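Q: Hey, dropping structure_4.cif in here, mmCIF, C-alpha atoms and all ligand atoms:
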```cif
data_coords
loop_
_atom_site.label_atom_id
_atom_site.label_comp_id
_atom_site.auth_asym_id
_atom_site.auth_seq_id
_atom_site.Cartn_x
_atom_site.Cartn_y
_atom_site.Cartn_z
CA MET P 1 -2.77 0.64 -16.73
CA THR P 2 -0.29 3.33 -17.78
CA HIS P 3 3.48 2.87 -18.15
CA CYS P 4 3.99 3.70 -14.45
CA GLY P 5 1.62 0.93 -13.40
CA LEU P 6 -1.28 3.07 -12.23
CA PRO P 7 -4.73 2.89 -13.80
CA SER P 8 -5.22 5.60 -16.43
CA ARG P 9 -8.41 7.19 -15.03
CA PHE P 10 -9.22 6.59 -11.40
CA ILE P 11 -10.77 7.80 -8.17
CA GLY P 12 -7.97 9.35 -6.11
CA VAL P 13 -8.32 8.86 -2.35
CA PHE P 14 -5.93 10.15 0.30
CA ASP P 15 -5.29 10.32 4.00
CA SER P 16 -2.33 10.88 6.30
CA GLY P 17 -2.00 7.12 6.73
CA VAL P 18 -4.13 3.98 6.86
CA GLY P 19 -7.25 5.69 8.27
CA GLY P 20 -8.73 6.54 4.89
CA VAL P 21 -8.82 2.81 4.14
CA SER P 22 -12.09 2.87 6.15
CA VAL P 23 -13.46 5.14 3.41
CA TRP P 24 -11.73 3.29 0.59
CA ARG P 25 -13.38 0.00 1.64
CA GLU P 26 -16.84 1.60 1.30
CA ILE P 27 -15.92 3.02 -2.11
CA ALA P 28 -14.67 -0.41 -3.22
CA ARG P 29 -17.90 -1.99 -1.96
CA GLN P 30 -20.29 0.54 -3.47
CA LEU P 31 -18.37 1.17 -6.71
CA PRO P 32 -16.80 -2.20 -7.56
CA HIS P 33 -16.07 -1.29 -11.20
CA GLU P 34 -14.04 1.78 -10.41
CA ASP P 35 -10.24 1.89 -10.40
CA VAL P 36 -8.92 3.56 -7.26
CA VAL P 37 -5.51 4.93 -6.30
CA TYR P 38 -5.07 5.50 -2.56
CA LEU P 39 -2.28 7.61 -1.13
CA GLY P 40 -1.36 7.29 2.55
CA ASP P 41 1.06 10.08 3.52
CA GLN P 42 2.65 8.08 6.31
CA ALA P 43 5.83 10.15 6.12
CA HIS P 44 3.79 12.93 7.75
CA VAL P 45 1.26 11.09 9.92
CA PRO P 46 -0.34 12.30 12.16
CA TYR P 47 -1.78 15.34 10.38
CA GLY P 48 -3.91 16.08 13.43
CA LEU P 49 -0.95 17.45 15.39
CA ARG P 50 0.21 19.79 12.64
CA SER P 51 -0.74 23.34 11.76
CA LEU P 52 -3.47 24.00 9.22
CA ASP P 53 -0.85 25.53 6.86
CA GLU P 54 1.32 22.47 7.00
CA VAL P 55 -1.56 20.06 6.37
CA ARG P 56 -2.75 22.28 3.50
CA SER P 57 0.64 22.13 1.86
CA PHE P 58 0.85 18.30 2.15
CA SER P 59 -2.69 18.00 0.80
CA GLU P 60 -1.85 20.17 -2.19
CA GLY P 61 1.21 18.02 -2.94
CA VAL P 62 -0.83 14.82 -2.73
CA VAL P 63 -3.61 16.22 -4.93
CA ARG P 64 -1.11 17.36 -7.58
CA PHE P 65 0.38 13.85 -7.56
CA LEU P 66 -3.04 12.18 -7.97
CA LEU P 67 -4.13 14.59 -10.71
CA ASP P 68 -0.83 14.25 -12.60
CA HIS P 69 -1.39 10.48 -12.70
CA GLY P 70 -4.99 10.66 -13.93
CA ALA P 71 -7.40 11.13 -11.01
CA LYS P 72 -10.89 12.03 -12.23
CA VAL P 73 -12.22 12.86 -8.78
CA ILE P 74 -10.45 13.35 -5.45
CA VAL P 75 -11.82 11.95 -2.21
CA ILE P 76 -10.18 13.55 0.83
CA ALA P 77 -10.58 10.57 3.16
CA CYS P 78 -9.27 12.57 6.07
CA ASN P 79 -11.17 15.00 8.28
CA ALA P 80 -8.03 16.91 9.23
CA ALA P 81 -6.96 17.41 5.59
CA SER P 82 -10.51 18.42 4.65
CA ALA P 83 -10.62 20.92 7.52
CA ALA P 84 -7.29 22.41 6.49
CA SER P 85 -7.63 22.37 2.73
CA LEU P 86 -11.02 21.56 1.19
CA TYR P 87 -11.97 25.20 0.41
CA TYR P 88 -8.39 25.98 -0.64
CA LEU P 89 -8.17 22.99 -3.01
CA ARG P 90 -11.55 23.72 -4.57
CA ASN P 91 -10.32 27.24 -5.33
CA LEU P 92 -6.97 26.07 -6.62
CA PHE P 93 -8.42 23.36 -8.91
CA PRO P 94 -11.89 24.66 -9.84
CA GLU P 95 -12.32 22.09 -12.59
CA VAL P 96 -11.69 19.10 -10.29
CA PRO P 97 -14.54 17.44 -8.37
CA PHE P 98 -13.61 17.00 -4.70
CA VAL P 99 -15.41 14.95 -2.07
CA GLY P 100 -14.39 16.15 1.38
CA MET P 101 -15.12 14.84 4.84
CA GLU P 102 -16.63 16.51 7.85
CA PRO P 103 -17.73 15.04 11.16
CA ALA P 104 -21.29 13.73 10.75
CA VAL P 105 -22.91 16.29 13.07
CA LYS P 106 -25.99 16.59 10.87
CA PRO P 107 -27.29 13.01 11.20
CA ALA P 108 -26.24 12.95 14.85
CA ALA P 109 -28.24 16.12 15.57
CA GLU P 110 -31.26 14.61 13.81
CA ARG P 111 -31.08 11.37 15.78
CA THR P 112 -30.20 12.49 19.31
CA ARG P 113 -32.82 12.01 22.00
CA THR P 114 -30.79 13.47 24.84
CA GLY P 115 -29.99 16.61 22.84
CA VAL P 116 -26.27 15.99 23.29
CA VAL P 117 -23.94 14.86 20.52
CA GLY P 118 -20.35 13.73 21.10
CA VAL P 119 -17.68 14.26 18.45
CA ILE P 120 -14.24 12.72 18.69
CA ALA P 121 -11.64 13.93 16.19
CA THR P 122 -8.11 15.30 15.94
CA ARG P 123 -7.22 18.83 16.99
CA THR P 124 -6.77 20.07 13.41
CA THR P 125 -10.30 19.02 12.50
CA PHE P 126 -11.81 21.11 15.28
CA GLN P 127 -9.69 24.13 14.30
CA GLY P 128 -10.83 24.52 10.71
CA LYS P 129 -13.61 26.79 9.45
CA LEU P 130 -15.38 23.66 8.22
CA PHE P 131 -16.22 22.50 11.74
CA ALA P 132 -17.37 25.95 12.83
CA SER P 133 -19.69 26.16 9.84
CA LEU P 134 -20.98 22.65 10.57
CA LEU P 135 -21.99 23.71 14.08
CA GLN P 136 -23.69 26.82 12.75
CA ARG P 137 -25.64 24.88 10.15
CA TYR P 138 -26.72 21.80 12.05
CA ALA P 139 -26.19 22.17 15.77
CA ARG P 140 -28.30 25.15 16.74
CA ASP P 141 -30.69 23.09 18.83
CA VAL P 142 -28.35 20.49 20.25
CA ARG P 143 -25.27 20.58 22.45
CA VAL P 144 -22.12 19.33 20.75
CA VAL P 145 -19.40 18.06 23.07
CA THR P 146 -15.98 17.66 21.46
CA GLU P 147 -13.06 15.48 22.45
CA VAL P 148 -9.59 15.46 20.87
CA GLY P 149 -8.67 11.79 20.50
CA SER P 150 -4.96 12.25 21.26
CA GLY P 151 -2.92 9.12 20.67
CA LEU P 152 -5.60 7.15 18.82
CA VAL P 153 -4.27 7.74 15.29
CA GLU P 154 -0.84 6.66 16.47
CA ALA P 155 -2.36 3.50 18.02
CA VAL P 156 -4.09 2.55 14.75
CA GLU P 157 -0.97 3.28 12.69
CA ALA P 158 1.00 1.04 15.04
CA GLY P 159 -1.56 -1.75 14.63
CA ALA P 160 -2.52 -1.56 18.33
CA LEU P 161 -6.18 -2.22 17.54
CA ASP P 162 -7.00 -4.45 20.46
CA THR P 163 -4.46 -3.77 23.18
CA PRO P 164 -5.26 -2.88 26.81
CA GLU P 165 -3.36 0.42 26.34
CA THR P 166 -5.61 1.46 23.44
CA GLU P 167 -8.69 0.45 25.41
CA GLU P 168 -7.55 2.56 28.36
CA LEU P 169 -6.91 5.53 26.08
CA LEU P 170 -10.35 5.16 24.52
CA ARG P 171 -12.03 4.92 27.93
CA LYS P 172 -10.29 8.14 28.95
CA HIS P 173 -11.46 9.97 25.81
CA LEU P 174 -15.00 8.63 25.84
CA ALA P 175 -15.73 9.22 29.55
CA PRO P 176 -16.34 13.01 29.23
CA LEU P 177 -18.79 12.39 26.38
CA VAL P 178 -20.70 9.80 28.40
CA GLU P 179 -20.74 12.12 31.40
CA ALA P 180 -22.12 14.94 29.26
CA GLY P 181 -25.06 12.69 28.33
CA ALA P 182 -24.27 12.25 24.64
CA ASP P 183 -26.26 9.48 22.97
CA GLN P 184 -24.60 9.89 19.55
CA LEU P 185 -20.89 9.44 18.97
CA VAL P 186 -19.55 10.92 15.74
CA LEU P 187 -16.26 9.39 14.60
CA GLY P 188 -14.56 12.51 13.22
CA CYS P 189 -11.36 10.82 12.10
CA THR P 190 -11.13 8.08 9.51
CA HIS P 191 -8.72 6.08 11.66
CA TYR P 192 -11.31 5.57 14.40
CA PRO P 193 -13.67 3.14 12.59
CA PHE P 194 -10.86 0.58 12.95
CA LEU P 195 -11.41 0.83 16.72
CA ARG P 196 -15.16 0.56 16.38
CA SER P 197 -15.64 -2.81 18.08
CA MET P 198 -13.65 -1.59 21.08
CA ILE P 199 -15.59 1.69 21.09
CA GLU P 200 -18.89 -0.17 21.01
CA ARG P 201 -17.77 -2.41 23.82
CA ILE P 202 -17.12 0.68 25.94
CA VAL P 203 -20.10 2.93 25.08
CA GLY P 204 -22.33 0.78 22.88
CA ASP P 205 -25.15 0.61 25.42
CA CYS P 206 -25.49 4.37 25.77
CA MET P 207 -24.32 5.79 22.44
CA ALA P 208 -24.94 5.11 18.75
CA VAL P 209 -21.70 5.24 16.79
CA ILE P 210 -21.72 7.16 13.50
CA ASP P 211 -19.08 6.52 10.82
CA PRO P 212 -19.54 8.76 7.77
CA ALA P 213 -17.67 6.44 5.34
CA PRO P 214 -20.81 4.95 3.67
CA ALA P 215 -22.19 8.46 3.08
CA VAL P 216 -18.86 9.60 1.61
CA ALA P 217 -18.89 6.65 -0.82
CA ARG P 218 -22.50 7.48 -1.80
CA GLN P 219 -21.49 11.09 -2.37
CA THR P 220 -18.58 9.92 -4.54
CA ALA P 221 -21.02 7.87 -6.64
CA CYS P 222 -23.29 10.94 -7.02
CA VAL P 223 -20.38 13.15 -8.09
CA LEU P 224 -19.22 10.60 -10.68
CA ALA P 225 -22.75 10.31 -12.08
CA ARG P 226 -23.27 14.09 -12.08
CA GLU P 227 -19.99 14.69 -13.93
CA GLY P 228 -20.48 11.77 -16.33
CA LEU P 229 -17.27 10.19 -15.04
CA GLU P 230 -18.40 6.67 -14.14
CA ALA P 231 -16.27 3.73 -15.30
CA GLY P 232 -17.62 2.63 -18.65
CA TYR P 233 -16.72 -1.04 -18.30
CA PRO P 234 -18.15 -3.93 -16.28
CA ARG P 235 -14.88 -5.47 -15.00
CA ALA P 236 -13.77 -5.34 -11.36
CA GLY P 237 -11.75 -2.20 -10.60
CA ASP P 238 -8.00 -2.17 -10.01
CA HIS P 239 -6.68 -0.80 -6.73
CA VAL P 240 -3.26 0.65 -6.09
CA PHE P 241 -2.21 1.79 -2.63
CA CYS P 242 0.73 4.18 -2.47
CA THR P 243 2.45 5.05 0.77
CA THR P 244 5.13 7.58 1.61
CA GLY P 245 6.02 5.24 4.48
CA ASP P 246 7.17 1.63 4.40
CA VAL P 247 5.54 -0.52 1.69
CA ALA P 248 5.83 -3.84 3.55
CA ASP P 249 4.37 -2.33 6.74
CA PHE P 250 1.50 -0.79 4.80
CA ALA P 251 0.71 -4.09 3.06
CA ALA P 252 0.74 -5.91 6.41
CA MET P 253 -1.58 -3.27 7.90
CA LEU P 254 -4.00 -3.66 5.00
CA GLU P 255 -4.26 -7.37 5.71
CA ARG P 256 -5.02 -6.65 9.36
CA LEU P 257 -7.52 -3.91 8.67
CA LEU P 258 -9.39 -5.81 5.97
CA PRO P 259 -9.77 -9.33 7.33
CA GLN P 260 -12.35 -10.35 4.74
CA PRO P 261 -11.59 -10.09 1.06
CA VAL P 262 -13.12 -6.79 0.00
CA LEU P 263 -11.38 -6.76 -3.35
CA GLN P 264 -12.32 -8.55 -6.50
CA GLY P 265 -9.88 -6.85 -8.87
CA ASN P 266 -6.12 -6.42 -8.69
CA CYS P 267 -4.53 -4.79 -5.71
CA GLU P 268 -0.96 -3.70 -5.14
CA VAL P 269 1.03 -1.50 -2.79
CA ARG P 270 3.58 0.98 -4.17
CA ALA P 271 6.06 3.41 -2.69
CA ALA P 272 5.85 7.15 -3.19
CA ARG P 273 8.28 9.74 -1.85
CA TRP P 274 8.47 13.45 -1.22
CA ARG P 275 11.23 15.31 -3.01
CA GLU P 276 11.52 19.09 -2.74
CA GLY P 277 7.85 19.48 -1.86
CA ARG P 278 6.66 17.26 -4.71
CA LEU P 279 5.42 13.72 -4.44
CA GLU P 280 6.66 11.09 -6.87
CA LEU P 281 6.13 7.41 -7.45
CA VAL P 282 9.10 5.18 -6.76
CA GLU P 283 9.65 3.04 -9.86
N1 LIG P 301 -7.42 10.09 9.45
C1 LIG P 301 -7.34 11.48 9.56
C2 LIG P 301 -8.62 12.18 9.83
O1 LIG P 301 -9.65 11.74 9.44
C3 LIG P 301 -6.19 12.16 10.19
C4 LIG P 301 -5.42 11.54 11.20
C5 LIG P 301 -4.15 12.25 11.50
O2 LIG P 301 -3.22 12.09 10.73
O3 LIG P 301 -4.10 12.94 12.51
O4 LIG P 301 -8.62 13.24 10.43
#
```
As structure tokens - that is how I would like this structure written.
Ligand code: DGL
A:
Amino acid sequence: MTHCGLPSRFIGVFDSGVGGVSVWREIARQLPHEDVVYLGDQAHVPYGLRSLDEVRSFSEGVVRFLLDHGAKVIVIACNAASAASLYYLRNLFPEVPFVGMEPAVKPAAERTRTGVVGVIATRTTFQGKLFASLLQRYARDVRVVTEVGSGLVEAVEAGALDTPETEELLRKHLAPLVEAGADQLVLGCTHYPFLRSMIERIVGDCMAVIDPAPAVARQTACVLAREGLEAGYPRAGDHVFCTTGDVADFAAMLERLLPQPVLQGNCEVRAARWREGRLELVE
């Protein structure tokens, strides 16, 4: 640990809020020796309702914060932030390895039998060049039906994981995809895996649900190995979660989202705050 209480060399993971914890938990499972610092930018959630420029500027601030504190690789555990800023960040920090996220259209297109793939994500994710290029690369022979999951990020952030209101909202969003004949459902927002059991209850008999988090964790492992950046010690990794929102609320959400102990090492939640466009740790 450094004087500010963060590990000295870590995997930096970020999202607009608690959604990226669905990616973090896979990283913690697959890479148990790695130290990880997670940043949830809850002061600005949801990213999916903001302009690409705005999300790009938040993402740059978060990445600068993680790099300043010792990140060795950055995992953008947010489809909206990846859509708005992955190319930009790679240009801005050419020496930094980034792992971005994109809706898992490729495996869905390979697996579909009906020839129709459903993708549910936020508006920002569908707007970026990343999604357009994804369709060009992998969806030439299948029909991709998209649905903006309005209100779902807010429901997860509010902890409304199993309420009748959330179920009604999900039914409304999933109905057009079922009607279109999709047999694959791509979760294109990292908040949505926390609604997975409800989603499967609604469409589980006609659609396979695809969450890209395990693939993102595998890709993170590959990048670490390729760059020679793997943790060189056998102890369990330390995990620090920083939020630009309320620390007690974030800690309570973590307990709800991760009912089984996923962690073996230390885990703590810290406050971070935006000041004049820069992000800083609250001591
Ligand atoms: N969890 C994020 C994603 O994967 C963004 C949610 C949001 O803030 O709109 O897109």
Q: Around stretch 99-113 of chain P, fit a box with edges along x, y and z, padding it by 3 Å on each side, then list its centre and edge lengths in Å to one decimal as JSON.
A:
```
{"center_x": -23.6, "center_y": 14.0, "center_z": 10.0, "size_x": 24.4, "size_y": 11.2, "size_z": 30.1}
```
Q: What residues of the protein or nucleic acid chains come within 7 Å of ligand LIG 301 (chain P) when you use only C-alpha atoms and all ligand atoms? Reply as a ChimeraX atom specification.
A: /P:15-17,19-20,45-49,77-81,121-122,125,153,188-191
Q: Report, in Å to a single decimal, how far apart atom CA of P:Trp24 and atom CA of P:Ile199 are.
A: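 Going from atom CA of P:Ile199 over to atom CA of P:Trp24 covers 20.9 Å.
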Q: Please list as a ChimeraX atom specification every residue within 10 Å of P:Glu268, counting only C-alpha atoms and excluding residues in the same chain fewer than 5 positions away.
A: /P:5-6,37,238-242,247,251
Q: My list of candidates is P:Ala109, P:Val119, P:Leu52, P:Leu66. Which is closest to P:Leu86 when distances are computed with only C-alpha atoms?
A: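 The closest residue to P:Leu86 is P:Leu52.
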Q: Using only C-alpha atoms, which of the listed residues (P:Ala225, P:Ile76, P:Ile27, P:Leu39) sits closest to P:Val269?
A: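 Nearest candidate to P:Val269 out of P:Ala225, P:Ile76, P:Ile27, P:Leu39: P:Leu39.
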Q: Applying 8 Å and only C-alpha atoms, which residues near P:Leu152 remain after dropping the ones on its own chain fewer than 5 positions away? List them as a list in words.
A: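 Selected residues are Thr166, Leu169, Leu170, His191 and Tyr192 of chain P.
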Q: Write out as CSV the residues of stretch 134-191 of chain P that have any atom within 6 Å of an atom of stretch 205-212 of chain P, one row each with the nearest atom pair and its distance in Å to one decimal, counting only C-alpha atoms, sorted by chain and then rising number.
A:
```
residue,atom,partner,partner_atom,distance
P:Asp183,CA,P:Met207,CA,4.2
P:Gln184,CA,P:Ala208,CA,4.9
P:Leu185,CA,P:Val209,CA,4.8
P:Val186,CA,P:Ile210,CA,4.9
P:Leu187,CA,P:Asp211,CA,5.5
```
Q: Which is closest to P:Glu95 among P:Ala160, P:Ile11, P:Glu227, P:Thr114, if we use all atoms listed in the file?
A: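 The shortest atom-to-atom distance to P:Glu95 comes from P:Glu227.
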Q: For a cut-off of 12 Å around (-17.8, 1.7, -4.5), file coordinates, pick out all residues using all atoms listed in the file and list them as a PyMOL selection string.
A: chain P and resi 11+23-36+213-222+224+230-231+236-239+262-264
Q: Closest to P:Ser22 among P:Leu67, P:Ala252, P:Tyr38, P:Thr124, using all atoms listed in the file?
A: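 Closest residue, counting all atoms listed in the file: P:Tyr38.
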